[in-house]
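What follows is the content of data-v8.cif, which has mmCIF, C-alpha atoms:
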```
data_protein
#
loop_
_atom_site.label_atom_id
_atom_site.label_comp_id
_atom_site.auth_asym_id
_atom_site.auth_seq_id
_atom_site.Cartn_x
_atom_site.Cartn_y
_atom_site.Cartn_z
CA MET A 1 -54.23 -94.81 -53.62
CA THR A 2 -51.86 -97.67 -53.00
CA ALA A 3 -49.55 -95.95 -50.61
CA GLY A 4 -48.43 -98.05 -47.66
CA PRO A 5 -49.15 -97.13 -44.07
CA ALA A 6 -45.64 -95.74 -43.46
CA PRO A 7 -45.85 -92.65 -45.76
CA ALA A 8 -49.30 -91.85 -44.34
CA THR A 9 -47.94 -91.56 -40.76
CA VAL A 10 -45.02 -89.46 -41.98
CA THR A 11 -47.44 -87.02 -43.64
CA ARG A 12 -49.63 -86.89 -40.57
CA SER A 13 -46.74 -86.19 -38.17
CA ALA A 14 -45.31 -83.63 -40.59
CA ARG A 15 -48.70 -81.97 -40.77
CA ARG A 16 -48.99 -81.97 -36.96
CA SER A 17 -45.52 -80.48 -36.49
CA SER A 18 -46.23 -77.88 -39.17
CA ARG A 19 -49.37 -76.90 -37.27
CA TRP A 20 -47.26 -76.34 -34.15
CA THR A 21 -44.57 -74.36 -35.94
CA GLY A 22 -47.30 -72.34 -37.64
CA LEU A 23 -48.75 -71.51 -34.22
CA LEU A 24 -45.27 -70.63 -32.93
CA ALA A 25 -44.73 -68.37 -35.93
CA GLY A 26 -48.01 -66.59 -35.26
CA VAL A 27 -47.19 -66.09 -31.57
CA LEU A 28 -43.71 -64.82 -32.44
CA VAL A 29 -45.08 -62.29 -34.92
CA LEU A 30 -47.77 -61.04 -32.53
CA ALA A 31 -45.40 -60.81 -29.55
CA GLY A 32 -42.84 -59.13 -31.78
CA ILE A 33 -45.31 -56.51 -32.97
CA PHE A 34 -46.37 -55.91 -29.37
CA CYS A 35 -42.80 -55.48 -28.15
CA ALA A 36 -41.81 -53.34 -31.11
CA GLY A 37 -44.79 -51.07 -30.52
CA LEU A 38 -43.98 -50.80 -26.82
CA GLY A 39 -40.34 -50.07 -27.64
CA LEU A 40 -41.33 -47.46 -30.20
CA GLY A 41 -43.67 -45.84 -27.67
CA GLN A 42 -40.97 -45.81 -25.06
CA ALA A 43 -38.36 -44.45 -27.47
CA THR A 44 -40.62 -41.57 -28.42
CA GLY A 45 -41.69 -41.02 -24.83
CA THR A 46 -45.39 -41.70 -25.39
CA ILE A 47 -45.56 -44.91 -23.37
CA SER A 48 -43.93 -45.47 -20.02
CA LEU A 49 -43.31 -49.12 -19.20
CA PRO A 50 -44.29 -48.99 -15.52
CA ASP A 51 -47.46 -47.10 -16.46
CA PHE A 52 -48.27 -49.61 -19.16
CA PHE A 53 -47.99 -52.64 -16.94
CA GLY A 54 -49.58 -50.83 -14.01
CA SER A 55 -46.99 -50.00 -11.38
CA GLY A 56 -49.91 -50.11 -8.95
CA SER A 57 -51.45 -47.28 -7.07
CA LYS A 58 -52.61 -46.92 -3.51
CA ALA A 59 -55.63 -44.87 -2.52
CA PRO A 60 -54.94 -41.98 -0.13
CA PRO A 61 -56.16 -42.41 3.47
CA GLY A 62 -59.60 -41.24 4.57
CA LYS A 63 -58.30 -39.75 7.81
CA PHE A 64 -55.19 -37.64 7.97
CA PRO A 65 -53.51 -35.03 10.14
CA VAL A 66 -53.23 -31.41 8.99
CA LEU A 67 -50.35 -29.05 9.79
CA GLY A 68 -49.83 -25.33 9.49
CA PRO A 69 -47.16 -23.73 7.35
CA SER A 70 -43.51 -24.44 8.10
CA ARG A 71 -40.54 -24.62 5.79
CA PRO A 72 -39.37 -28.12 4.81
CA LEU A 73 -35.69 -28.77 5.51
CA ARG A 74 -34.91 -32.40 4.69
CA ILE A 75 -36.40 -35.23 2.66
CA VAL A 76 -35.76 -38.91 3.33
CA ILE A 77 -37.04 -41.71 1.09
CA PRO A 78 -35.77 -44.93 2.68
CA SER A 79 -36.82 -47.32 -0.11
CA ILE A 80 -34.66 -45.63 -2.77
CA GLY A 81 -31.95 -44.27 -0.48
CA VAL A 82 -32.68 -40.57 -0.83
CA ARG A 83 -31.48 -38.25 1.96
CA ALA A 84 -31.34 -34.67 0.82
CA SER A 85 -31.55 -31.10 1.99
CA ILE A 86 -34.32 -28.89 0.71
CA HIS A 87 -34.02 -25.27 -0.35
CA GLY A 88 -36.67 -22.88 -1.66
CA VAL A 89 -37.36 -22.28 -5.35
CA GLY A 90 -39.71 -19.89 -7.13
CA ARG A 91 -40.75 -19.74 -10.76
CA ASP A 92 -38.73 -19.25 -13.91
CA HIS A 93 -39.55 -16.81 -16.75
CA ASP A 94 -41.76 -19.46 -18.44
CA GLY A 95 -44.12 -19.90 -15.51
CA ALA A 96 -42.67 -23.31 -14.75
CA ILE A 97 -41.26 -24.02 -11.31
CA ALA A 98 -37.63 -22.98 -11.12
CA VAL A 99 -35.24 -25.84 -10.55
CA PRO A 100 -32.26 -26.10 -8.22
CA ALA A 101 -28.99 -24.92 -9.75
CA LEU A 102 -26.98 -27.78 -11.23
CA SER A 103 -24.42 -27.21 -8.49
CA LEU A 104 -27.23 -28.12 -6.05
CA ALA A 105 -28.33 -31.18 -8.04
CA ASN A 106 -28.17 -33.28 -4.87
CA GLU A 107 -30.77 -31.10 -3.15
CA ALA A 108 -34.49 -30.86 -3.67
CA GLY A 109 -36.25 -27.56 -4.28
CA TRP A 110 -39.46 -26.67 -2.45
CA PHE A 111 -41.86 -24.43 -4.37
CA THR A 112 -42.19 -21.59 -1.82
CA GLU A 113 -45.35 -20.09 -3.38
CA GLY A 114 -47.32 -23.28 -2.70
CA PRO A 115 -48.32 -25.05 0.52
CA SER A 116 -45.80 -26.49 3.00
CA PRO A 117 -45.64 -30.26 3.33
CA GLY A 118 -48.44 -31.06 5.80
CA GLN A 119 -50.72 -28.18 4.87
CA TYR A 120 -53.82 -28.80 2.77
CA GLY A 121 -52.87 -28.88 -0.88
CA PRO A 122 -49.96 -30.21 -2.88
CA ALA A 123 -46.51 -29.37 -1.52
CA ILE A 124 -44.19 -29.45 -4.50
CA LEU A 125 -40.61 -30.67 -4.37
CA VAL A 126 -38.57 -30.61 -7.57
CA GLY A 127 -35.25 -32.31 -8.05
CA HIS A 128 -32.90 -33.12 -10.87
CA VAL A 129 -32.82 -36.63 -12.30
CA ASP A 130 -29.26 -36.08 -13.52
CA THR A 131 -26.73 -33.45 -14.56
CA HIS A 132 -24.71 -33.65 -17.76
CA ASP A 133 -22.27 -36.09 -16.23
CA ARG A 134 -23.84 -37.82 -13.24
CA PRO A 135 -27.13 -38.95 -11.67
CA ALA A 136 -28.79 -36.48 -9.29
CA VAL A 137 -31.04 -36.52 -6.22
CA PHE A 138 -34.20 -37.94 -7.84
CA HIS A 139 -32.60 -40.35 -10.32
CA ARG A 140 -34.28 -43.42 -8.82
CA ILE A 141 -37.74 -41.96 -8.43
CA ASP A 142 -39.04 -44.24 -11.17
CA ASP A 143 -38.35 -47.17 -8.83
CA LEU A 144 -40.70 -45.85 -6.13
CA LYS A 145 -43.65 -48.13 -5.49
CA ALA A 146 -47.13 -47.22 -4.31
CA GLY A 147 -47.18 -47.34 -0.51
CA ALA A 148 -43.53 -46.28 -0.09
CA ARG A 149 -42.84 -43.76 2.68
CA ILE A 150 -41.47 -40.27 2.18
CA GLU A 151 -40.43 -38.31 5.26
CA VAL A 152 -40.13 -34.55 5.17
CA THR A 153 -38.63 -32.78 8.19
CA ARG A 154 -39.93 -29.26 8.74
CA ARG A 155 -38.48 -26.26 10.51
CA ASP A 156 -41.05 -26.65 13.33
CA ARG A 157 -39.35 -29.98 14.15
CA LYS A 158 -42.24 -32.04 12.86
CA VAL A 159 -41.75 -34.85 10.37
CA ALA A 160 -44.54 -35.11 7.83
CA VAL A 161 -44.77 -38.72 6.69
CA PHE A 162 -46.27 -39.25 3.25
CA GLU A 163 -47.25 -42.41 1.43
CA VAL A 164 -46.83 -42.79 -2.32
CA ASN A 165 -50.14 -43.12 -4.19
CA SER A 166 -48.73 -43.41 -7.69
CA VAL A 167 -45.73 -42.63 -9.86
CA GLU A 168 -46.66 -41.34 -13.30
CA THR A 169 -44.99 -39.92 -16.38
CA PHE A 170 -46.44 -37.07 -18.43
CA ARG A 171 -45.17 -35.17 -21.45
CA LYS A 172 -44.19 -31.67 -20.36
CA SER A 173 -46.57 -30.24 -22.95
CA ASP A 174 -49.64 -31.96 -21.51
CA LEU A 175 -49.20 -32.07 -17.78
CA PRO A 176 -52.49 -32.63 -15.88
CA VAL A 177 -52.07 -29.28 -14.15
CA SER A 178 -55.10 -29.48 -11.88
CA ARG A 179 -54.17 -32.95 -10.59
CA VAL A 180 -50.57 -31.98 -10.01
CA TYR A 181 -50.88 -28.45 -8.65
CA ASN A 182 -54.49 -27.77 -7.64
CA ASP A 183 -55.67 -30.66 -5.50
CA TYR A 184 -56.53 -29.04 -2.16
CA SER A 185 -58.67 -31.91 -0.88
CA ARG A 186 -55.95 -33.19 1.48
CA PRO A 187 -52.33 -32.58 2.50
CA GLY A 188 -50.33 -33.93 -0.41
CA LEU A 189 -46.84 -34.07 -1.80
CA ARG A 190 -45.61 -34.04 -5.39
CA LEU A 191 -42.07 -35.03 -6.24
CA ILE A 192 -41.28 -33.81 -9.72
CA THR A 193 -38.32 -34.70 -11.86
CA CYS A 194 -37.57 -35.34 -15.51
CA GLY A 195 -37.88 -38.44 -17.62
CA GLY A 196 -38.77 -39.79 -21.01
CA SER A 197 -36.67 -39.17 -24.07
CA TRP A 198 -33.92 -36.58 -24.28
CA VAL A 199 -34.80 -33.63 -26.48
CA GLY A 200 -32.04 -31.26 -25.42
CA GLY A 201 -32.07 -27.51 -25.87
CA ASP A 202 -34.28 -25.58 -23.47
CA VAL A 203 -36.52 -28.55 -22.76
CA GLY A 204 -34.04 -31.26 -21.85
CA TYR A 205 -36.15 -34.35 -21.26
CA ALA A 206 -39.53 -34.56 -22.99
CA SER A 207 -41.48 -35.73 -19.93
CA ASN A 208 -41.88 -35.22 -16.21
CA VAL A 209 -41.99 -38.08 -13.75
CA ILE A 210 -44.34 -37.17 -10.91
CA VAL A 211 -44.80 -38.92 -7.60
CA PHE A 212 -48.24 -38.36 -6.05
CA ALA A 213 -48.17 -38.86 -2.27
CA SER A 214 -50.51 -38.12 0.66
CA LEU A 215 -49.85 -37.26 4.28
CA VAL A 216 -50.50 -40.21 6.58
CA THR A 217 -48.91 -39.33 9.91
CA VAL A 218 -46.87 -36.67 11.68
CA GLN A 219 -43.92 -37.50 13.91
CA LYS A 220 -41.62 -35.48 16.14
CA ALA A 221 -38.15 -34.90 14.73
CA MET B 1 -77.93 -33.69 69.92
CA ARG B 2 -79.24 -30.72 68.03
CA ALA B 3 -75.69 -29.71 67.30
CA VAL B 4 -75.01 -33.16 65.90
CA LEU B 5 -78.13 -32.98 63.78
CA SER B 6 -77.30 -29.59 62.39
CA ARG B 7 -73.74 -30.77 61.66
CA LEU B 8 -75.19 -33.75 59.82
CA ALA B 9 -77.48 -31.47 57.90
CA ALA B 10 -74.56 -29.23 57.01
CA GLY B 11 -72.58 -32.27 55.89
CA GLY B 12 -75.52 -33.45 53.82
CA ALA B 13 -75.86 -30.04 52.22
CA ALA B 14 -72.14 -30.07 51.41
CA LEU B 15 -72.50 -33.53 49.89
CA VAL B 16 -75.45 -32.42 47.77
CA ALA B 17 -73.52 -29.34 46.68
CA GLY B 18 -70.52 -31.52 45.81
CA ALA B 19 -72.70 -33.91 43.85
CA ALA B 20 -74.30 -30.97 42.11
CA THR B 21 -70.96 -29.57 41.00
CA LEU B 22 -69.91 -33.06 39.91
CA LEU B 23 -73.08 -33.50 37.90
CA LEU B 24 -73.09 -29.99 36.54
CA GLY B 25 -69.35 -30.08 35.92
CA PRO B 26 -69.62 -30.93 32.21
CA ALA B 27 -72.05 -28.09 31.62
CA PRO B 28 -69.47 -25.28 31.52
CA ALA B 29 -67.30 -27.55 29.33
CA ARG B 30 -70.15 -27.79 26.84
CA ALA B 31 -70.38 -24.03 26.78
CA ASP B 32 -66.65 -24.07 25.99
CA THR B 33 -67.17 -25.91 22.71
CA VAL B 34 -67.36 -22.71 20.77
CA PHE B 35 -65.16 -23.30 17.76
CA ILE B 36 -64.78 -22.55 14.09
CA GLU B 37 -62.95 -24.55 11.46
CA VAL B 38 -62.24 -23.95 7.81
CA ASN B 39 -61.97 -26.78 5.34
CA PRO B 40 -59.56 -26.88 3.62
CA SER B 41 -57.47 -24.68 5.90
CA THR B 42 -55.14 -23.88 2.99
CA ILE B 43 -56.70 -22.81 -0.30
CA LEU B 44 -55.87 -21.23 -3.65
CA ALA B 45 -57.21 -17.70 -4.07
CA GLY B 46 -60.40 -17.82 -6.16
CA TYR B 47 -61.61 -21.06 -4.64
CA GLN B 48 -64.30 -21.80 -2.07
CA VAL B 49 -63.90 -23.05 1.49
CA SER B 50 -66.52 -24.42 3.82
CA LEU B 51 -66.84 -23.23 7.40
CA ARG B 52 -68.16 -25.27 10.28
CA ALA B 53 -68.68 -23.78 13.71
CA SER B 54 -70.46 -24.28 16.96
CA CYS B 55 -71.63 -21.75 19.52
CA GLY B 56 -72.20 -24.40 22.18
CA ALA B 57 -75.84 -24.56 23.10
CA ASN B 58 -76.70 -21.46 21.12
CA VAL B 59 -78.06 -22.50 17.71
CA ASN B 60 -78.84 -19.03 16.39
CA PRO B 61 -77.07 -17.96 13.18
CA ALA B 62 -73.59 -16.59 13.79
CA LYS B 63 -71.17 -14.48 11.79
CA ALA B 64 -67.72 -15.39 10.52
CA THR B 65 -65.42 -12.53 9.62
CA SER B 66 -62.04 -12.55 7.95
CA ASN B 67 -59.89 -10.29 5.81
CA ALA B 68 -59.78 -13.21 3.41
CA PHE B 69 -63.50 -13.17 2.52
CA GLY B 70 -65.31 -10.44 4.51
CA THR B 71 -68.28 -11.42 6.66
CA ILE B 72 -70.61 -14.34 6.07
CA THR B 73 -73.50 -15.77 8.05
CA LEU B 74 -73.36 -19.32 9.37
CA ASN B 75 -76.68 -21.10 9.72
CA GLY B 76 -77.60 -24.08 11.86
CA GLU B 77 -77.53 -27.45 10.17
CA LYS B 78 -77.27 -30.88 11.81
CA GLY B 79 -76.13 -29.41 15.11
CA PHE B 80 -73.42 -27.19 13.61
CA LEU B 81 -73.30 -23.74 12.09
CA ILE B 82 -72.40 -24.10 8.43
CA GLY B 83 -71.42 -21.71 5.68
CA THR B 84 -69.22 -21.31 2.62
CA ALA B 85 -66.94 -18.48 1.60
CA THR B 86 -65.17 -17.72 -1.66
CA ILE B 87 -61.71 -16.20 -1.59
CA PRO B 88 -61.29 -13.42 -4.17
CA THR B 89 -58.83 -14.33 -6.93
CA ASP B 90 -56.58 -11.35 -6.18
CA LYS B 91 -56.25 -12.10 -2.45
CA LYS B 92 -52.63 -11.84 -1.32
CA PRO B 93 -51.03 -15.08 -0.12
CA SER B 94 -50.88 -15.04 3.67
CA GLY B 95 -52.45 -16.48 6.79
CA TYR B 96 -55.79 -14.86 7.60
CA THR B 97 -57.59 -15.01 10.94
CA VAL B 98 -61.19 -16.20 10.73
CA ARG B 99 -63.26 -14.96 13.67
CA LEU B 100 -66.53 -16.48 14.79
CA ALA B 101 -68.99 -14.16 16.53
CA CYS B 102 -71.86 -16.03 18.18
CA ALA B 103 -75.24 -14.53 18.90
CA SER B 104 -74.48 -15.22 22.55
CA GLY B 105 -71.39 -13.01 22.39
CA SER B 106 -68.81 -15.80 22.55
CA THR B 107 -66.09 -15.88 19.93
CA ALA B 108 -63.56 -18.30 18.48
CA THR B 109 -60.82 -17.98 15.88
CA THR B 110 -58.93 -20.12 13.42
CA THR B 111 -56.49 -19.44 10.60
CA LEU B 112 -57.01 -19.77 6.85
CA TRP B 113 -53.92 -19.83 4.64
CA VAL B 114 -54.38 -18.45 1.17
CA ILE B 115 -52.10 -19.44 -1.71
CA SER B 116 -51.80 -17.03 -4.61
CA ALA B 117 -53.69 -18.25 -7.68
CA SER B 118 -51.28 -16.50 -10.03
CA SER B 119 -48.42 -18.52 -8.60
CA ARG B 120 -49.78 -21.73 -10.05
CA PRO B 121 -47.23 -23.18 -12.41
CA THR B 122 -48.58 -24.32 -15.75
CA LYS B 123 -45.67 -26.39 -16.95
CA GLY B 124 -43.32 -29.03 -15.72
CA PRO B 125 -39.85 -28.05 -14.59
CA ASN B 126 -36.71 -28.86 -16.54
CA THR B 127 -34.95 -31.15 -14.14
CA GLY B 128 -32.32 -32.99 -16.09
CA GLY B 129 -28.88 -32.62 -17.59
CA GLY B 130 -29.07 -35.62 -19.90
CA TYR B 131 -26.54 -37.98 -18.36
CA LEU B 132 -29.00 -40.85 -17.97
CA ALA B 133 -30.58 -40.31 -21.39
CA ASN B 134 -28.08 -42.36 -23.36
CA ARG B 135 -27.69 -45.17 -20.88
CA GLY B 136 -29.35 -48.05 -22.74
CA GLY B 137 -33.03 -48.70 -22.25
CA GLY B 138 -35.05 -45.99 -23.89
CA GLY B 139 -37.04 -48.68 -25.70
CA THR B 140 -34.38 -49.45 -28.32
CA THR B 141 -33.80 -52.95 -26.94
CA LEU B 142 -37.52 -53.64 -26.92
CA LEU B 143 -37.91 -52.24 -30.40
CA ALA B 144 -34.98 -54.26 -31.82
CA GLY B 145 -36.08 -57.42 -29.99
CA GLY B 146 -39.65 -56.99 -31.20
CA LEU B 147 -38.58 -56.52 -34.81
CA ALA B 148 -36.30 -59.54 -34.55
CA ALA B 149 -39.19 -61.61 -33.20
CA VAL B 150 -41.43 -60.47 -36.06
CA ALA B 151 -38.73 -61.41 -38.58
CA ALA B 152 -38.16 -64.79 -36.92
CA GLY B 153 -41.90 -65.47 -36.83
CA GLY B 154 -42.24 -64.51 -40.49
CA ALA B 155 -39.34 -66.73 -41.49
CA LEU B 156 -40.79 -69.62 -39.49
CA ALA B 157 -44.18 -69.15 -41.15
CA VAL B 158 -42.64 -69.18 -44.62
CA TRP B 159 -40.59 -72.26 -43.78
CA THR B 160 -43.62 -74.08 -42.38
CA ALA B 161 -45.75 -73.23 -45.38
CA ARG B 162 -43.03 -74.52 -47.72
CA ARG B 163 -42.66 -77.73 -45.74
CA ARG B 164 -46.39 -78.29 -45.68
CA ARG B 165 -46.61 -77.76 -49.42
CA ALA B 166 -43.68 -80.17 -49.91
CA ALA B 167 -45.43 -82.73 -47.72
CA GLU B 168 -48.68 -82.39 -49.64
CA LEU B 169 -47.02 -82.80 -53.04
#
```

Output the file's structure as structure tokens, nothing else.
Amino acid sequence: MTAGPAPATVTRSARRSSRWTGLLAGVLVLAGIFCAGLGLGQATGTISLPDFFGSGSKAPPGKFPVLGPSRPLRIVIPSIGVRASIHGVGRDHDGAIAVPALSLANEAGWFTEGPSPGQYGPAILVGHVDTHDRPAVFHRIDDLKAGARIEVTRRDRKVAVFEVNSVETFRKSDLPVSRVYNDYSRPGLRLITCGGSWVGGDVGYASNVIVFASLVTVQKA
Amino acid sequence: MRAVLSRLAAGGAALVAGAATLLLGPAPARADTVFIEVNPSTILAGYQVSLRASCGANVNPAKATSNAFGTITLNGEKGFLIGTATIPTDKKPSGYTVRLACASGSTATTTLWVISASSRPTKGPNTGGGYLANRGGGGTTLLAGGLAAVAAGGALAVWTARRRRAAEL
């Protein structure tokens, strides 16, 4: 070995830089696989980004008011600019909740066979996310954050104020039915719309986006 | 003098009577606390509710009656009269009066709202027309970006390996 000092330093620096680029290559590959997987999950509707990164959830209050039955008339969600009328809906031939007609896509539908907003149990409001050519009443529901306020004005001139606990996406085929429809432990609210990937046909979107909210206070209209 | 004394005595008696009514005032109020409450006050048919009642000072078992669940007996526990009732699955959705009948004869009422169990939806509604479906997002950007990053990383790894080999030779 009669090599001078100069080539030795060149080799060492080359080796050091190759170690760094090797590390960079590894990080790139791993991050790429992660992103590709997330993208694949999102494209097929199995992973929802906000769910994955934890959009945050807020526990419902320990103390809450309770109201009797009264028809809801208007819904206001200040944080996403929703102000809409509410009309009653029943069930369709499939046993799912009927949805507002597309001509009423800017209104929300209250499931009349369930509790009123403010009564014990989950009051259910459905709304379209879009029609075939424009966004509809609940198109920004995905942007709702835990803790956001939802105000529902009732016919008895009381305003039931709810607080968002979580916003979650479920495939229509495996909806957690008891969590969504059967929780009678407190006065709750469920905003239901569509999301996920577009399947078309009778199904439309593959998933449902559901806002879980709990009654916190009651105000006078 | 005697007249004055008797007037004083009368005044004193009035004072005592007044004080007595003041002191005893809360007593009738306590007797008023005959109540019954149902928790939850709205329930799916087929489910159970708990009842909590008080017959004031009377701690004997009392009866709660309603068209929603018939008649059940409430027994004393921790100062209240407690019981549970199950709503039959086929109970029609409506508001039902729940009536408390105390052993003392006093009564109280509340309302229980029953929701039909058969009206429970089992599926999610179809709430979209599809307009937003094709507006970007949908994971395609993430997927493409991820694949590009994998390719870039792979290429970088190959290049580095080649350079290292060249340096070693």

Item to check | Output of the PyMOL selection byres ((chain A and resi 117) around 10), listed as an NGL selection string | outcome: :A and (66-72 or 110 or 114-116 or 118-125 or 151-154 or 159-162 or 187-190 or 214-215)

Those residues with C-alpha atoms, as a short mmCIF file (atom, residue, chain, number, x, y, z; two decimals), in the frame of the given file please?
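Heads up, here's the output in selection_15.cif:
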```cif
data_model
loop_
_atom_site.label_atom_id
_atom_site.label_comp_id
_atom_site.auth_asym_id
_atom_site.auth_seq_id
_atom_site.Cartn_x
_atom_site.Cartn_y
_atom_site.Cartn_z
CA VAL A 66 -53.23 -31.41 8.99
CA LEU A 67 -50.35 -29.05 9.79
CA GLY A 68 -49.83 -25.33 9.49
CA PRO A 69 -47.16 -23.73 7.35
CA SER A 70 -43.51 -24.44 8.10
CA ARG A 71 -40.54 -24.62 5.79
CA PRO A 72 -39.37 -28.12 4.81
CA TRP A 110 -39.46 -26.67 -2.45
CA GLY A 114 -47.32 -23.28 -2.70
CA PRO A 115 -48.32 -25.05 0.52
CA SER A 116 -45.80 -26.49 3.00
CA GLY A 118 -48.44 -31.06 5.80
CA GLN A 119 -50.72 -28.18 4.87
CA TYR A 120 -53.82 -28.80 2.77
CA GLY A 121 -52.87 -28.88 -0.88
CA PRO A 122 -49.96 -30.21 -2.88
CA ALA A 123 -46.51 -29.37 -1.52
CA ILE A 124 -44.19 -29.45 -4.50
CA LEU A 125 -40.61 -30.67 -4.37
CA GLU A 151 -40.43 -38.31 5.26
CA VAL A 152 -40.13 -34.55 5.17
CA THR A 153 -38.63 -32.78 8.19
CA ARG A 154 -39.93 -29.26 8.74
CA VAL A 159 -41.75 -34.85 10.37
CA ALA A 160 -44.54 -35.11 7.83
CA VAL A 161 -44.77 -38.72 6.69
CA PHE A 162 -46.27 -39.25 3.25
CA PRO A 187 -52.33 -32.58 2.50
CA GLY A 188 -50.33 -33.93 -0.41
CA LEU A 189 -46.84 -34.07 -1.80
CA ARG A 190 -45.61 -34.04 -5.39
CA SER A 214 -50.51 -38.12 0.66
CA LEU A 215 -49.85 -37.26 4.28
#
```

Checklist entry - Interatomic distance between atom CA of Thr110 of chain B and atom CA of Ile36 of chain B? => result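 Between atom CA of Thr110 of chain B and atom CA of Ile36 of chain B the gap works out to 6.4 Å.
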
Checklist entry - With all atoms listed in the file as the basis for distance, which of A:Ile192, A:Val180, A:Ile210, A:Leu23 is at the shortest distance from Pro100 of chain A? => result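 Of the candidates, the smallest distance to Pro100 of chain A is held by A:Ile192.
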
Using only C-alpha atoms, find each residue in chain B having at least one atom no more than 6 Å away from chain A; report its shortest atom-to-atom pair and that distance in Å (one decimal), rows by chain then rising number, as JSON lines.
```
{"residue": "B:Thr42", "atom": "CA", "partner": "A:Tyr120", "partner_atom": "CA", "distance": 5.1}
{"residue": "B:Pro121", "atom": "CA", "partner": "A:Ala96", "partner_atom": "CA", "distance": 5.1}
{"residue": "B:Lys123", "atom": "CA", "partner": "A:Ala96", "partner_atom": "CA", "distance": 4.8}
{"residue": "B:Gly124", "atom": "CA", "partner": "A:Lys172", "partner_atom": "CA", "distance": 5.4}
{"residue": "B:Pro125", "atom": "CA", "partner": "A:Ile97", "partner_atom": "CA", "distance": 5.4}
{"residue": "B:Thr127", "atom": "CA", "partner": "A:His128", "partner_atom": "CA", "distance": 4.3}
{"residue": "B:Gly128", "atom": "CA", "partner": "A:Asp130", "partner_atom": "CA", "distance": 5.1}
{"residue": "B:Gly129", "atom": "CA", "partner": "A:Thr131", "partner_atom": "CA", "distance": 3.8}
{"residue": "B:Gly130", "atom": "CA", "partner": "A:His132", "partner_atom": "CA", "distance": 5.2}
{"residue": "B:Tyr131", "atom": "CA", "partner": "A:His132", "partner_atom": "CA", "distance": 4.7}
{"residue": "B:Ala133", "atom": "CA", "partner": "A:Trp198", "partner_atom": "CA", "distance": 5.8}
{"residue": "B:Gly138", "atom": "CA", "partner": "A:Ala43", "partner_atom": "CA", "distance": 5.1}
{"residue": "B:Gly139", "atom": "CA", "partner": "A:Gly39", "partner_atom": "CA", "distance": 4.1}
{"residue": "B:Leu142", "atom": "CA", "partner": "A:Gly39", "partner_atom": "CA", "distance": 4.6}
{"residue": "B:Leu143", "atom": "CA", "partner": "A:Ala36", "partner_atom": "CA", "distance": 4.1}
{"residue": "B:Gly146", "atom": "CA", "partner": "A:Gly32", "partner_atom": "CA", "distance": 3.9}
{"residue": "B:Leu147", "atom": "CA", "partner": "A:Gly32", "partner_atom": "CA", "distance": 5.8}
{"residue": "B:Ala149", "atom": "CA", "partner": "A:Gly32", "partner_atom": "CA", "distance": 4.6}
{"residue": "B:Val150", "atom": "CA", "partner": "A:Val29", "partner_atom": "CA", "distance": 4.2}
{"residue": "B:Gly153", "atom": "CA", "partner": "A:Ala25", "partner_atom": "CA", "distance": 4.2}
{"residue": "B:Leu156", "atom": "CA", "partner": "A:Ala25", "partner_atom": "CA", "distance": 5.5}
{"residue": "B:Ala157", "atom": "CA", "partner": "A:Ala25", "partner_atom": "CA", "distance": 5.3}
{"residue": "B:Thr160", "atom": "CA", "partner": "A:Ser18", "partner_atom": "CA", "distance": 5.6}
```

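Near Thr71 of chain B, within a cut-off of 12 Å and counting all atoms listed in the file, sit the residues Leu51, Ala62, Lys63, Ala64, Thr65, Gly83, Thr84, Ala85, Thr86, Ile87, Val98, Arg99, Leu100 and Ala101 of chain B, with same-chain residues fewer than 6 positions away left out.
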
Checklist entry - Of the candidates A:Arg74, A:Lys58, A:Lys63, A:Arg149, which one gets nearest to Gly88 of chain A if we count only C-alpha atoms? => result A:Arg74

Residues selected by the PyMOL selection byres ((chain A and resi 147) around 10), written as an mmCIF file with C-alpha atoms, in the coordinates of the input:
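As written to disk, selection39.cif reads:
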```
data_model
loop_
_atom_site.group_PDB
_atom_site.id
_atom_site.type_symbol
_atom_site.label_atom_id
_atom_site.label_comp_id
_atom_site.auth_asym_id
_atom_site.auth_seq_id
_atom_site.Cartn_x
_atom_site.Cartn_y
_atom_site.Cartn_z
ATOM 1 C CA GLY A 56 -49.910 -50.110 -8.950
ATOM 2 C CA SER A 57 -51.450 -47.280 -7.070
ATOM 3 C CA LYS A 58 -52.610 -46.920 -3.510
ATOM 4 C CA ALA A 59 -55.630 -44.870 -2.520
ATOM 5 C CA PRO A 60 -54.940 -41.980 -0.130
ATOM 6 C CA LEU A 144 -40.700 -45.850 -6.130
ATOM 7 C CA LYS A 145 -43.650 -48.130 -5.490
ATOM 8 C CA ALA A 146 -47.130 -47.220 -4.310
ATOM 9 C CA ALA A 148 -43.530 -46.280 -0.090
ATOM 10 C CA ARG A 149 -42.840 -43.760 2.680
ATOM 11 C CA ILE A 150 -41.470 -40.270 2.180
ATOM 12 C CA PHE A 162 -46.270 -39.250 3.250
ATOM 13 C CA GLU A 163 -47.250 -42.410 1.430
ATOM 14 C CA VAL A 164 -46.830 -42.790 -2.320
ATOM 15 C CA ASN A 165 -50.140 -43.120 -4.190
ATOM 16 C CA SER A 166 -48.730 -43.410 -7.690
ATOM 17 C CA ALA A 213 -48.170 -38.860 -2.270
ATOM 18 C CA SER A 214 -50.510 -38.120 0.660
#
```

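In this model, the gap between atom CA of Ile80 of chain A and atom CA of Thr169 of chain A comes to 18.0 Å.
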
Checklist entry - So how far away is atom CA of Leu112 of chain B from atom CA of Ile43 of chain B, in Å? => result 7.8 Å

Next on the checklist: Here is a test: counting only C-alpha atoms, which residue of A:Ile77, A:Ile141, A:Val216, A:Ala221 is nearest to Pro65 of chain A?
Outcome noted: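 Smallest distance to Pro65 of chain A is found for A:Val216.
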